[in-house]
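What's in data.cif: mmCIF, C-alpha atoms and all ligand atoms
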data_input
#
loop_
_atom_site.label_atom_id
_atom_site.label_comp_id
_atom_site.auth_asym_id
_atom_site.auth_seq_id
_atom_site.Cartn_x
_atom_site.Cartn_y
_atom_site.Cartn_z
CA MET A 583 -21.89 -20.67 -39.74
CA LYS A 584 -19.81 -17.90 -41.27
CA ARG A 585 -18.00 -16.73 -38.16
CA SER A 586 -17.27 -20.05 -36.59
CA LEU A 587 -15.77 -21.17 -39.89
CA LEU A 588 -13.72 -18.01 -40.12
CA PHE A 589 -12.73 -18.41 -36.52
CA SER A 590 -11.34 -21.88 -37.18
CA VAL A 591 -9.37 -20.51 -40.09
CA ALA A 592 -8.13 -17.71 -37.88
CA LEU A 593 -7.07 -20.20 -35.27
CA LEU A 594 -5.19 -22.19 -37.85
CA CYS A 595 -3.31 -19.05 -38.67
CA GLY A 596 -2.56 -18.60 -35.01
CA LEU A 597 -4.41 -15.32 -34.87
CA PHE A 598 -7.44 -14.40 -32.83
CA LEU A 599 -9.51 -12.57 -35.37
CA LEU A 600 -13.11 -11.43 -35.10
CA SER A 601 -13.21 -12.18 -31.44
CA GLY A 602 -14.58 -8.99 -29.99
CA TRP A 603 -12.23 -6.58 -28.39
CA GLY A 604 -8.77 -8.12 -28.46
CA PHE A 605 -7.60 -9.87 -25.33
CA LEU A 606 -5.71 -6.77 -24.23
CA VAL A 607 -8.83 -4.60 -24.06
CA HIS A 608 -11.07 -7.27 -22.51
CA ARG A 609 -8.58 -7.71 -19.69
CA THR A 610 -8.11 -3.97 -19.31
CA VAL A 611 -11.79 -3.06 -19.08
CA ASN A 612 -12.57 -5.77 -16.52
CA GLN A 613 -9.73 -4.44 -14.38
CA LEU A 614 -10.79 -0.79 -14.76
CA ALA A 615 -14.37 -1.69 -13.85
CA VAL A 616 -13.17 -3.01 -10.46
CA TYR A 617 -11.85 0.43 -9.41
CA GLN A 618 -15.18 2.07 -10.21
CA LEU A 619 -17.19 0.00 -7.76
CA PRO A 620 -18.27 1.31 -4.36
CA LYS A 621 -15.99 0.28 -1.50
CA ASP A 622 -17.89 -2.75 -0.21
CA LEU A 623 -18.16 -4.38 -3.55
CA ARG A 624 -14.76 -3.25 -4.72
CA GLN A 625 -12.98 -5.14 -1.97
CA PHE A 626 -14.51 -8.42 -3.08
CA PHE A 627 -13.74 -7.83 -6.75
CA TYR A 628 -10.26 -6.57 -5.98
CA ALA A 629 -9.45 -9.65 -3.93
CA ASN A 630 -10.45 -11.69 -6.99
CA LYS A 631 -9.06 -9.35 -9.60
CA GLU A 632 -6.75 -11.89 -11.15
CA TYR A 633 -9.63 -14.23 -11.89
CA ILE A 634 -11.83 -11.42 -13.22
CA VAL A 635 -9.08 -10.18 -15.53
CA ARG A 636 -7.81 -13.56 -16.69
CA ASN A 637 -11.27 -14.90 -17.43
CA SER A 638 -12.45 -11.78 -19.23
CA VAL A 639 -11.52 -13.61 -22.45
CA ARG A 640 -13.01 -17.00 -21.60
CA PRO A 641 -16.17 -16.52 -23.73
CA ASP A 642 -13.94 -16.08 -26.79
CA GLU A 643 -11.98 -19.20 -25.91
CA ARG A 644 -15.25 -21.08 -25.57
CA ARG A 645 -15.97 -20.45 -29.22
CA ASN A 646 -13.47 -23.16 -30.11
CA SER A 647 -15.48 -25.87 -28.45
CA ASP A 648 -19.03 -24.54 -28.36
CA LYS A 649 -20.81 -23.92 -31.65
CA THR A 650 -23.58 -21.92 -29.97
CA GLU A 651 -21.13 -19.38 -28.56
CA ALA A 652 -20.28 -17.16 -31.56
CA PRO A 653 -23.61 -15.30 -32.02
CA LYS A 654 -23.61 -14.32 -28.35
CA HIS A 655 -20.85 -11.81 -29.08
CA PHE A 656 -22.50 -9.57 -31.70
CA ILE A 657 -25.72 -8.35 -33.25
CA ASP A 658 -25.91 -7.60 -36.96
CA ALA A 659 -28.31 -4.68 -37.22
CA GLU A 660 -29.11 -4.84 -40.94
CA PRO A 661 -30.90 -8.21 -41.26
CA TYR A 662 -33.32 -7.24 -38.49
CA GLY A 663 -34.60 -4.31 -40.56
CA ASP A 664 -34.27 -0.56 -40.77
CA SER A 665 -33.21 1.12 -37.48
CA SER A 666 -33.52 -2.28 -35.87
CA LEU A 667 -31.34 -1.44 -32.87
CA TRP A 668 -33.91 1.21 -31.95
CA LYS A 669 -36.90 -1.01 -32.61
CA MET A 670 -36.11 -4.51 -31.44
CA PRO A 671 -37.94 -5.75 -28.35
CA TYR A 672 -35.96 -5.68 -25.13
CA HIS A 673 -37.09 -9.10 -24.00
CA TRP A 674 -35.85 -12.37 -25.41
CA GLU A 675 -39.26 -14.04 -25.64
CA ALA A 676 -40.67 -11.11 -27.60
CA ALA A 677 -37.62 -11.13 -29.88
CA VAL A 678 -38.01 -14.87 -30.56
CA ALA A 679 -41.69 -14.35 -31.34
CA LYS A 680 -40.85 -11.54 -33.76
CA TYR A 681 -37.71 -12.88 -35.48
CA THR A 682 -37.49 -16.62 -34.58
CA LYS A 683 -34.71 -18.20 -32.56
CA ASP A 684 -32.97 -19.34 -35.75
CA SER A 685 -32.60 -15.77 -36.99
CA LEU A 686 -31.32 -14.55 -33.65
CA GLU A 687 -28.76 -17.32 -33.61
CA LYS A 688 -27.73 -16.45 -37.11
CA TYR A 689 -27.48 -12.69 -36.85
CA GLY A 690 -26.40 -12.43 -33.25
CA TYR A 691 -28.05 -11.42 -30.00
CA VAL A 692 -25.47 -9.96 -27.61
CA PRO A 693 -27.86 -7.59 -25.76
CA TYR A 694 -30.10 -10.51 -24.79
CA VAL A 695 -27.08 -12.49 -23.62
CA VAL A 696 -26.07 -9.59 -21.39
CA MET A 697 -29.52 -9.51 -19.79
CA ASN A 698 -29.43 -13.27 -19.28
CA MET A 699 -26.01 -13.03 -17.63
CA LYS A 700 -27.32 -10.25 -15.40
CA VAL A 701 -30.00 -12.58 -14.03
CA LYS A 702 -27.40 -15.28 -13.44
CA LEU A 703 -24.98 -12.97 -11.66
CA THR A 704 -27.77 -11.55 -9.49
CA ASN A 705 -28.85 -15.06 -8.49
CA ALA A 706 -25.27 -16.07 -7.72
CA MET A 707 -24.87 -12.99 -5.51
CA ARG A 708 -28.14 -13.70 -3.74
CA ALA A 709 -26.98 -17.26 -3.08
CA GLY A 710 -23.57 -16.03 -1.95
CA ASN A 711 -21.85 -18.54 -4.21
CA LYS A 712 -18.38 -17.13 -4.73
CA ASP A 713 -17.40 -19.33 -7.66
CA SER A 714 -20.60 -18.55 -9.54
CA ILE A 715 -20.34 -14.84 -8.79
CA LEU A 716 -16.87 -14.68 -10.27
CA PHE A 717 -17.76 -16.88 -13.22
CA TYR A 718 -20.75 -14.78 -14.28
CA ALA A 719 -19.12 -11.45 -13.45
CA ALA A 720 -16.19 -12.24 -15.77
CA ASP A 721 -18.50 -13.45 -18.55
CA LEU A 722 -20.87 -10.52 -18.18
CA GLY A 723 -17.92 -8.13 -18.50
CA HIS A 724 -16.92 -9.79 -21.76
CA TYR A 725 -20.30 -9.54 -23.45
CA ILE A 726 -20.86 -5.94 -22.31
CA ALA A 727 -17.49 -4.96 -23.76
CA ASP A 728 -18.24 -6.71 -27.06
CA ALA A 729 -21.52 -4.80 -27.34
CA HIS A 730 -19.51 -1.57 -27.52
CA VAL A 731 -17.50 -2.53 -30.61
CA PRO A 732 -18.88 -0.86 -33.78
CA LEU A 733 -18.02 -3.83 -36.00
CA HIS A 734 -20.06 -6.09 -33.73
CA THR A 735 -23.24 -4.42 -34.92
CA THR A 736 -23.03 -5.02 -38.65
CA GLU A 737 -23.04 -7.70 -41.33
CA ASN A 738 -19.96 -5.99 -42.71
CA TYR A 739 -18.17 -7.05 -39.55
CA ASP A 740 -14.73 -7.43 -41.11
CA GLY A 741 -15.07 -4.81 -43.84
CA GLN A 742 -15.49 -7.77 -46.19
CA LEU A 743 -18.47 -6.15 -47.98
CA SER A 744 -16.62 -2.91 -48.67
CA ASN A 745 -13.26 -4.30 -49.74
CA GLN A 746 -11.72 -3.61 -46.34
CA ARG A 747 -11.18 -7.11 -45.07
CA GLY A 748 -9.11 -7.19 -41.92
CA LEU A 749 -10.74 -4.08 -40.47
CA HIS A 750 -12.14 -6.00 -37.50
CA SER A 751 -8.88 -6.87 -35.83
CA LEU A 752 -7.32 -3.60 -36.99
CA TRP A 753 -9.88 -1.56 -35.03
CA GLU A 754 -10.30 -3.67 -31.95
CA SER A 755 -6.86 -5.26 -31.51
CA THR A 756 -4.02 -3.73 -33.51
CA VAL A 757 -4.88 -0.07 -32.90
CA PRO A 758 -5.37 -0.38 -29.11
CA GLU A 759 -2.29 -2.58 -28.80
CA LEU A 760 -0.21 0.10 -30.51
CA GLU A 761 -1.85 3.05 -28.82
CA LEU A 762 -2.62 1.88 -25.31
CA THR A 763 0.23 3.78 -23.74
CA ASN A 764 -1.31 7.01 -25.04
CA TYR A 765 -4.81 6.21 -23.80
CA ASN A 766 -6.49 7.70 -20.82
CA LEU A 767 -7.50 4.78 -18.62
CA TYR A 768 -8.96 6.90 -15.85
CA GLN A 769 -12.44 8.28 -15.75
CA ARG A 770 -14.40 9.89 -12.98
CA HIS A 771 -17.10 7.33 -12.73
CA ARG A 772 -18.65 5.58 -9.79
CA ALA A 773 -20.80 2.58 -10.57
CA ARG A 774 -24.44 3.59 -10.61
CA TYR A 775 -27.64 1.64 -10.37
CA LEU A 776 -29.17 0.94 -13.77
CA LYS A 777 -32.91 1.52 -13.56
CA ASN A 778 -33.33 0.26 -17.07
CA PRO A 779 -30.44 -2.10 -17.84
CA GLU A 780 -32.03 -3.20 -21.13
CA GLU A 781 -31.96 0.39 -22.34
CA SER A 782 -28.34 0.72 -21.20
CA ILE A 783 -27.04 -2.31 -23.09
CA TRP A 784 -29.02 -1.44 -26.20
CA ASN A 785 -27.61 2.08 -26.02
CA ALA A 786 -24.14 0.55 -26.02
CA CYS A 787 -24.93 -1.29 -29.28
CA ARG A 788 -26.57 1.81 -30.77
CA GLY A 789 -23.54 3.91 -29.91
CA GLY A 790 -21.27 1.43 -31.65
CA PHE A 791 -23.51 1.27 -34.69
CA GLN A 792 -23.51 5.06 -35.02
CA LEU A 793 -19.72 5.02 -35.20
CA LEU A 794 -19.65 2.57 -38.11
CA ASP A 795 -19.57 5.12 -40.93
CA GLY A 796 -16.51 6.73 -39.40
CA VAL A 797 -14.79 3.39 -38.81
CA LEU A 798 -15.26 2.43 -42.48
CA ASN A 799 -14.76 5.83 -44.10
CA LEU A 800 -11.60 6.73 -42.23
CA GLU A 801 -9.94 3.52 -43.37
CA LYS A 802 -10.58 4.65 -46.96
CA GLU A 803 -9.44 8.16 -46.23
CA VAL A 804 -6.17 7.06 -44.62
CA SER A 805 -5.56 4.56 -47.44
CA LYS A 806 -5.10 7.47 -49.85
CA ASN A 807 -1.72 8.11 -48.24
CA PHE A 808 -0.58 4.49 -48.58
CA THR A 809 0.32 2.10 -51.36
CA ASP A 810 -0.55 -1.58 -51.30
CA SER A 811 2.92 -2.41 -50.05
CA THR A 812 2.94 0.19 -47.27
CA LYS A 813 -0.63 -0.58 -46.25
CA TYR A 814 -0.47 -4.37 -46.08
CA ARG A 815 1.90 -6.96 -44.78
CA TYR A 816 1.84 -10.33 -46.50
CA GLN A 817 2.97 -13.41 -44.66
CA MET A 818 3.00 -17.10 -45.31
CA ARG A 819 1.39 -19.03 -42.50
CA ASN A 820 0.96 -22.76 -42.69
CA GLY A 821 1.31 -22.69 -46.44
CA ARG A 822 -1.24 -19.93 -46.92
CA GLN A 823 -0.69 -16.32 -47.64
CA SER A 824 -2.28 -14.02 -45.09
CA ARG A 825 -2.70 -10.28 -45.35
CA SER A 826 -2.82 -7.87 -42.48
CA TYR A 827 -2.44 -4.13 -42.04
CA THR A 828 1.04 -2.79 -41.38
CA SER A 829 1.84 -1.07 -38.10
CA ALA A 830 2.42 2.17 -39.98
CA PHE A 831 -1.09 2.01 -41.40
CA ALA A 832 -2.56 1.02 -38.04
CA ARG A 833 -0.91 4.02 -36.40
CA ALA A 834 -2.18 6.41 -39.06
CA TYR A 835 -5.67 4.91 -38.83
CA GLY A 836 -5.59 5.09 -35.04
CA LYS A 837 -4.64 8.74 -35.26
CA ALA A 838 -7.45 9.46 -37.71
CA LEU A 839 -9.93 7.78 -35.35
CA GLY A 840 -8.99 10.26 -32.63
CA THR A 841 -10.29 9.15 -29.25
CA THR A 842 -12.93 6.77 -30.62
CA VAL A 843 -11.29 3.52 -29.51
CA ASN A 844 -10.24 4.95 -26.14
CA ASP A 845 -13.79 6.26 -25.62
CA ARG A 846 -15.37 2.89 -26.36
CA LEU A 847 -12.89 1.21 -24.04
CA LEU A 848 -13.83 3.59 -21.20
CA ALA A 849 -17.54 3.25 -21.95
CA SER A 850 -17.17 -0.54 -21.74
CA ALA A 851 -15.52 -0.31 -18.31
CA ARG A 852 -18.22 2.09 -17.06
CA LEU A 853 -21.07 -0.14 -18.07
CA ILE A 854 -19.41 -3.27 -16.70
CA SER A 855 -19.09 -1.68 -13.27
CA ASP A 856 -22.68 -0.41 -13.49
CA PHE A 857 -23.97 -3.91 -14.31
CA TRP A 858 -21.95 -5.61 -11.54
CA TYR A 859 -23.21 -3.02 -9.07
CA THR A 860 -26.81 -3.29 -10.26
CA CYS A 861 -26.74 -7.09 -9.85
CA TRP A 862 -25.43 -6.64 -6.31
CA VAL A 863 -28.17 -4.14 -5.41
CA ASP A 864 -30.84 -6.36 -6.97
CA ALA A 865 -29.48 -9.28 -4.96
CA GLY A 866 -30.11 -7.28 -1.77
CA LYS A 867 -26.54 -5.99 -1.26
CA PRO A 868 -25.19 -9.20 0.27
CA LYS A 869 -21.95 -9.05 2.24
CA LEU A 870 -19.43 -10.58 -0.12
CA ASN A 871 -16.32 -9.66 1.78
CA ALA A 872 -16.51 -12.76 3.89
CA ASN A 873 -15.55 -14.48 0.67
CA ALA A 874 -12.46 -12.34 0.29
CA PRO A 875 -10.16 -13.19 3.19
CA ALA A 876 -7.09 -11.91 1.38
CA LEU A 877 -8.22 -8.34 1.91
CA LYS A 878 -8.31 -8.72 5.65
CA THR A 879 -4.61 -8.12 5.83
CA ALA A 880 -3.52 -4.54 6.17
CA GLU A 881 -1.02 -5.05 3.41
CA ARG A 882 -3.66 -5.92 0.83
CA LYS A 883 -5.76 -2.95 1.83
CA LYS A 884 -2.77 -0.70 1.37
CA GLU A 885 -2.13 -2.28 -2.02
CA LEU A 886 -5.70 -1.56 -3.09
CA ARG A 887 -5.43 2.06 -1.96
CA SER A 888 -2.24 2.68 -3.89
CA GLU A 889 -3.65 0.95 -6.95
CA VAL A 890 -6.77 3.10 -6.91
CA LYS A 891 -4.50 6.10 -6.60
CA ALA A 892 -2.51 4.97 -9.66
CA PHE A 893 -5.80 4.49 -11.52
CA LYS A 894 -6.89 8.02 -10.63
CA GLN A 895 -3.60 9.42 -11.86
CA ASN A 896 -3.82 7.39 -15.07
CA GLU A 897 -0.60 5.67 -14.09
CA LEU A 898 -1.61 2.01 -14.13
CA LEU A 899 0.63 1.38 -17.11
CA LYS A 900 3.48 3.50 -15.85
CA GLN A 901 3.48 1.72 -12.51
CA ASP A 902 3.18 -1.67 -14.20
CA LEU A 903 -0.17 -2.36 -12.58
CA LEU A 904 -2.15 -3.10 -15.72
CA MET A 905 -2.48 -6.86 -15.65
CA ALA A 906 -3.31 -7.14 -19.33
CA ARG A 907 0.09 -5.82 -20.28
CA LYS A 908 1.89 -7.91 -17.70
CA GLN A 909 0.27 -11.13 -18.80
CA GLN A 910 0.42 -10.48 -22.45
CA GLY A 911 3.69 -8.74 -22.99
CA GLY A 912 2.88 -7.54 -26.47
CA ARG A 913 0.64 -8.49 -29.33
CA GLU A 914 -1.87 -11.27 -29.02
CA GLU A 915 -0.82 -14.05 -31.32
ZN ZN A 1001 -16.20 -11.77 -27.73
#

Step by step, read the file and then write its structure as structure tokens.
Amino acid sequence: MKRSLLFSVALLCGLFLLSGWGFLVHRTVNQLAVYQLPKDLRQFFYANKEYIVRNSVRPDERRNSDKTEAPKHFIDAEPYGDSSLWKMPYHWEAAVAKYTKDSLEKYGYVPYVVMNMKVKLTNAMRAGNKDSILFYAADLGHYIADAHVPLHTTENYDGQLSNQRGLHSLWESTVPELELTNYNLYQRHRARYLKNPEESIWNACRGGFQLLDGVLNLEKEVSKNFTDSTKYRYQMRNGRQSRSYTSAFARAYGKALGTTVNDRLLASARLISDFWYTCWVDAGKPKLNANAPALKTAERKKELRSEVKAFKQNELLKQDLLMARKQQGGREE
């Protein structure tokens, strides 16, 4: 399978390529989603924030050992036909009947994975099983975030069909890593109940797909101001030459993209909190706080309050409260 093969190569090179949002953004959006939950639910997620943030990248790590994992992270619109993201059935069984399971496993099926995870998280909440709740909440957050990435909706997922190879990690990793300090990480959003979650996750994919032309065209536009040697960096890794975009190019490309990456990051966090909340409501709003003893102390409650305040002032980074940056300390390599 094309991506699993590429992924192995990427691993050999010590780089996480084609993995969905880079680790930085996955961790960031899972953390931001916690603040957007209503109080009751927020306390439980906050008490387990470290787990939720750390394991936001677990589905990507699973790709190393599980061959069935890769197509869960994307959906290539083109092989499914014209305007497929607007026409595909919302339910897995109907999709299998229409396209076959083999095709779905070949061209990706992230929206169906999200709906499957939603059922699992709802069941875990209904059963009050803390470990399962956290496990599925972290996974669900990952797949929802991936569904927002434009290059996760196309066969030309790395720009390889338009002579722009390397575009995948440029857009989803390098640019946000360079620009995160300039991003707005706050948004006025309170998790809301999704009456039609299928529609919501498909809209996320559609939104990403509609951005594709810009993602591809702007790379060409910005390239006009660069030469091969200012645009690319060549390195020898394990006896092979690898090519990646220079930081100067990534900055110029990030600037040309405007708020696109920041917007998709915020949209990911919004929908993650909406899905977590919807699962909780569907599970009958169980009391989960009994599972979060850490928050019973006044100190932890105070900590949560000041963190939410920092979030609202867009000062998570400034106050060193963004876990992704603390854990990572720079580029993901
Ligand atoms: Zn992924």

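Nearest residue to ligand ZN 1001 (chain A), choosing from A:Glu897, A:Glu632, A:Asp684, A:Asp721 and counting all atoms listed in the file: A:Asp721.
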
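From CA of Gln901 (chain A) back to CA of Gln613 (chain A), the distance works out to 14.7 Å.
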
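Proximity of A:Leu606, A:Ala709, A:Ala729, A:Leu870 to Thr756 (chain A), computed with all atoms listed in the file, is greatest for A:Leu606.
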
- Query: Mind listing the residues within 9 Å of ligand ZN 1001 (chain A), all atoms listed in the file counted, as a VMD selection string?
  - Reply: chain A and resid 600 to 604 608 639 to 643 645 652 654 to 656 724 to 725 727 to 729

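CA of Ala720 (chain A) is positioned 5.1 Å from CA of Ile634 (chain A).
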
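With CA of Met707 (chain A) on one side and CA of Glu651 (chain A) on the other, the separation reads 24.2 Å.
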
- Message: Taking 6 positions as the minimum chain separation for residues in the same chain, which residues sit within 8 Å of region 783-794 of chain A when counting all atoms listed in the file? Answer as a PyMOL selection string.
- Response: chain A and resi 667-668+693+696+726+729-736

Box time for region 775-781 of chain A: axis-aligned, enclosing all its listed atoms, 6 Å extra on each side; report centre and edge lengths in Å to one decimal, as AutoDock Vina command-line options.
--center_x -30.5 --center_y -0.8 --center_z -16.4 --size_x 17.7 --size_y 16.8 --size_z 24.0

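Once Glu660 (chain A) and its same-chain neighbours fewer than 3 positions away are set aside, Ile657, Gly663, Asp664, Ser665, Ser666, Leu667, Tyr689, Thr735, Thr736, Glu737 and Asn738 of chain A remain within 10 Å of it when counting all atoms listed in the file.
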
For the residues in the current selection, export C-alpha atoms as a CSV table (one decimal), keeping the file's coordinate frame.
chain,number,residue,atom,x,y,z
A,657,ILE,CA,-25.7,-8.4,-33.2
A,663,GLY,CA,-34.6,-4.3,-40.6
A,664,ASP,CA,-34.3,-0.6,-40.8
A,665,SER,CA,-33.2,1.1,-37.5
A,666,SER,CA,-33.5,-2.3,-35.9
A,667,LEU,CA,-31.3,-1.4,-32.9
A,689,TYR,CA,-27.5,-12.7,-36.8
A,735,THR,CA,-23.2,-4.4,-34.9
A,736,THR,CA,-23.0,-5.0,-38.6
A,737,GLU,CA,-23.0,-7.7,-41.3
A,738,ASN,CA,-20.0,-6.0,-42.7
